[in-house]
>>> print(open('protein-v8.cif').read())   # mmCIF, C-alpha atoms
data_entry
#
loop_
_atom_site.label_atom_id
_atom_site.label_comp_id
_atom_site.auth_asym_id
_atom_site.auth_seq_id
_atom_site.Cartn_x
_atom_site.Cartn_y
_atom_site.Cartn_z
CA MET W 18 85.93 214.03 -5.49
CA SER W 19 86.30 217.67 -4.62
CA ALA W 20 87.20 220.49 -6.97
CA GLN W 21 90.69 220.75 -5.46
CA ALA W 22 93.57 219.20 -7.34
CA GLN W 23 93.89 215.51 -6.67
CA LYS W 24 97.20 214.11 -5.56
CA GLY W 25 98.96 210.96 -6.60
CA PHE W 26 99.83 208.30 -4.03
CA MET W 27 101.55 204.97 -4.23
CA LEU W 28 100.29 202.21 -1.99
CA ILE W 29 103.02 199.63 -1.60
CA PHE W 30 101.97 196.21 -0.35
CA ARG W 31 104.58 194.49 1.78
CA GLY W 32 104.48 190.83 2.70
CA THR W 33 104.58 187.88 0.38
CA ASN W 34 103.77 185.10 2.83
CA TRP W 35 100.22 186.22 3.71
CA HIS W 36 98.79 182.90 2.53
CA GLU W 37 100.73 180.69 4.96
CA GLY W 38 98.36 178.65 7.07
CA LEU W 39 95.36 179.25 4.83
CA SER W 40 93.52 176.52 2.98
CA PRO W 41 93.24 176.84 -0.83
CA GLU W 42 89.60 177.89 -0.34
CA GLN W 43 90.60 180.61 2.14
CA MET W 44 93.35 181.81 -0.19
CA GLN W 45 90.83 182.03 -3.04
CA GLN W 46 88.42 183.96 -0.82
CA VAL W 47 91.11 186.55 0.08
CA MET W 48 92.17 186.86 -3.56
CA ASP W 49 88.54 187.37 -4.61
CA GLN W 50 88.13 190.06 -1.94
CA TRP W 51 91.33 191.71 -3.14
CA MET W 52 90.20 191.78 -6.78
CA ALA W 53 86.73 193.08 -5.84
CA TRP W 54 88.36 195.84 -3.75
CA PHE W 55 90.68 196.80 -6.60
CA SER W 56 87.85 196.76 -9.17
CA ARG W 57 85.64 198.94 -6.97
CA LEU W 58 88.41 201.49 -6.38
CA LYS W 59 89.22 201.54 -10.09
CA ASP W 60 85.52 202.01 -11.00
CA GLU W 61 85.35 204.90 -8.49
CA GLY W 62 88.37 206.53 -10.18
CA LYS W 63 90.46 206.34 -7.00
CA VAL W 64 93.00 203.82 -8.27
CA LEU W 65 94.60 204.31 -11.68
CA THR W 66 96.51 201.05 -11.86
CA GLY W 67 98.03 198.36 -9.73
CA SER W 68 99.79 195.07 -10.06
CA PRO W 69 101.22 192.21 -8.09
CA LEU W 70 104.96 191.73 -8.54
CA GLU W 71 106.85 188.55 -9.36
CA SER W 72 109.12 187.20 -6.61
CA GLU W 73 112.32 187.07 -8.69
CA ILE W 74 114.61 189.96 -7.72
CA ARG W 75 117.63 191.66 -9.28
CA VAL W 76 119.29 194.48 -7.38
CA VAL W 77 121.52 196.91 -9.28
CA SER W 78 123.91 198.83 -7.05
CA GLY W 79 127.25 200.56 -6.78
CA LYS W 80 129.16 202.73 -9.21
CA SER W 81 129.62 199.87 -11.65
CA GLY W 82 125.95 198.89 -11.60
CA ARG W 83 126.70 195.47 -10.14
CA VAL W 84 123.71 193.12 -10.40
CA THR W 85 122.87 190.85 -7.48
CA SER W 86 120.34 188.08 -7.91
CA ASP W 87 121.08 185.85 -4.92
CA GLY W 88 120.54 188.14 -1.92
CA PRO W 89 120.64 189.02 0.81
CA PHE W 90 117.21 190.54 0.30
CA ALA W 91 114.40 191.62 2.58
CA GLU W 92 112.52 188.98 4.53
CA ALA W 93 109.24 187.78 3.01
CA LYS W 94 107.26 189.97 5.42
CA GLU W 95 109.13 193.03 4.13
CA MET W 96 109.22 192.18 0.41
CA ILE W 97 107.09 194.29 -1.88
CA GLY W 98 104.38 192.09 -3.31
CA GLY W 99 102.56 194.72 -5.36
CA TYR W 100 101.35 198.29 -5.62
CA PHE W 101 98.44 200.59 -6.45
CA LEU W 102 98.72 204.07 -7.95
CA ALA W 103 95.91 206.13 -6.45
CA LYS W 104 94.61 209.59 -7.30
CA VAL W 105 92.68 211.05 -4.36
CA ASP W 106 92.18 214.39 -2.60
CA SER W 107 94.39 213.85 0.44
CA PHE W 108 96.83 211.68 2.33
CA ASP W 109 93.95 210.75 4.64
CA ASP W 110 91.95 209.48 1.64
CA ALA W 111 94.91 207.33 0.54
CA VAL W 112 95.31 205.95 4.07
CA ALA W 113 91.56 205.19 4.17
CA ILE W 114 92.00 203.08 1.03
CA ALA W 115 94.99 201.29 2.58
CA ARG W 116 92.95 200.51 5.71
CA GLN W 117 90.48 198.58 3.52
CA CYS W 118 93.14 196.17 2.24
CA PRO W 119 91.86 192.58 2.48
CA GLY W 120 95.40 191.38 3.19
CA LEU W 121 95.80 193.31 6.46
CA PRO W 122 94.37 190.52 8.66
CA HIS W 123 96.87 188.15 7.04
CA GLY W 124 100.03 190.16 7.73
CA ILE W 125 100.15 192.45 4.69
CA GLN W 126 101.42 195.95 5.44
CA VAL W 127 100.51 198.89 3.21
CA GLU W 128 102.98 201.74 2.88
CA VAL W 129 101.34 204.94 1.65
CA ARG W 130 103.58 207.51 -0.06
CA GLN W 131 102.61 210.72 -1.81
CA MET W 132 104.12 211.10 -5.24
CA ALA W 133 106.29 214.21 -5.60
CA ASN W 134 105.83 216.68 -8.44
CA GLU W 135 109.58 216.66 -8.90
CA CYS W 136 112.63 215.01 -7.39
CA PRO W 137 113.04 216.48 -3.87
CA MET W 138 116.80 216.82 -4.40
CA ALA W 139 116.27 218.71 -7.65
CA ALA W 140 113.85 221.08 -5.88
CA GLU W 141 116.36 221.65 -3.07
CA LEU W 142 119.17 222.30 -5.56
CA ARG W 143 116.98 224.74 -7.50
CA GLN W 144 116.16 226.63 -4.28
CA GLU W 145 119.84 226.78 -3.31
CA GLN W 146 120.79 228.08 -6.77
CA HIS W 147 118.01 230.68 -6.58
CA ALA W 148 119.17 231.79 -3.11
CA THR W 149 122.76 232.08 -4.36
CA ALA W 150 121.69 234.11 -7.41
CA VAL W 151 119.63 236.51 -5.27
CA ALA W 152 122.42 237.01 -2.69
#
>>> encode(input="protein-v8.cif", output="structure tokens")
Amino acid sequence: MSAQAQKGFMLIFRGTNWHEGLSPEQMQQVMDQWMAWFSRLKDEGKVLTGSPLESEIRVVSGKSGRVTSDGPFAEAKEMIGGYFLAKVDSFDDAVAIARQCPGLPHGIQVEVRQMANECPMAAELRQEQHATAVA
């Protein structure tokens, strides 16, 4: 890693039906590849943590905080199946990690997002308040 400040990225794995059409042996092989990939990245200090997610969903929405547990939800190919938190030098480094995902040939999509130092809306509000105070 370079001397520059590393940045945090979230790699979001989309697709929960990657295993369809695979034999149990093929599924095990992909899972073993996935775990070896994760372990290597963790040993290299590039991934801080990661986890698969359970399939049960609760969505909280609206002013009253209504909880929905019976959909409609995203299709299986769009559902978030897990995540990694990575600490690397650049967006390109995070994308390079995503391109190594063993699930890609099986329909997994990896969304790469840089973590913000602060809420973008809070930063915008602070800038607007500063501009108003200076004017």
>>> residues_around(input="protein-v8.cif", residues="stretch 58-73 of chain W", least_positions_apart="3", cutoff="8 Å", atoms="all atoms listed in the file", output="PyMOL selection string")
chain W and resi 54-55+97-105
>>> residues_around(input="protein-v8.cif", residues="stretch 30-47 of chain W", least_positions_apart="6", cutoff="8 Å", atoms="all atoms listed in the file", output="number ranges by chain")
W: 93-100, 119-120, 123-128
>>> atom_distance(input="protein-v8.cif", atom1="atom CA of W:Ala133", atom2="atom CA of W:Phe108")
12.6 Å
>>> closest_residue(input="protein-v8.cif", among="W:Met52, W:Val76, W:Met27, W:Ala115", to="W:Met132", atoms="only C-alpha atoms")
W:Met27
>>> atom_distance(input="protein-v8.cif", atom1="atom CA of W:Trp51", atom2="atom CA of W:Pro122")
12.2 Å
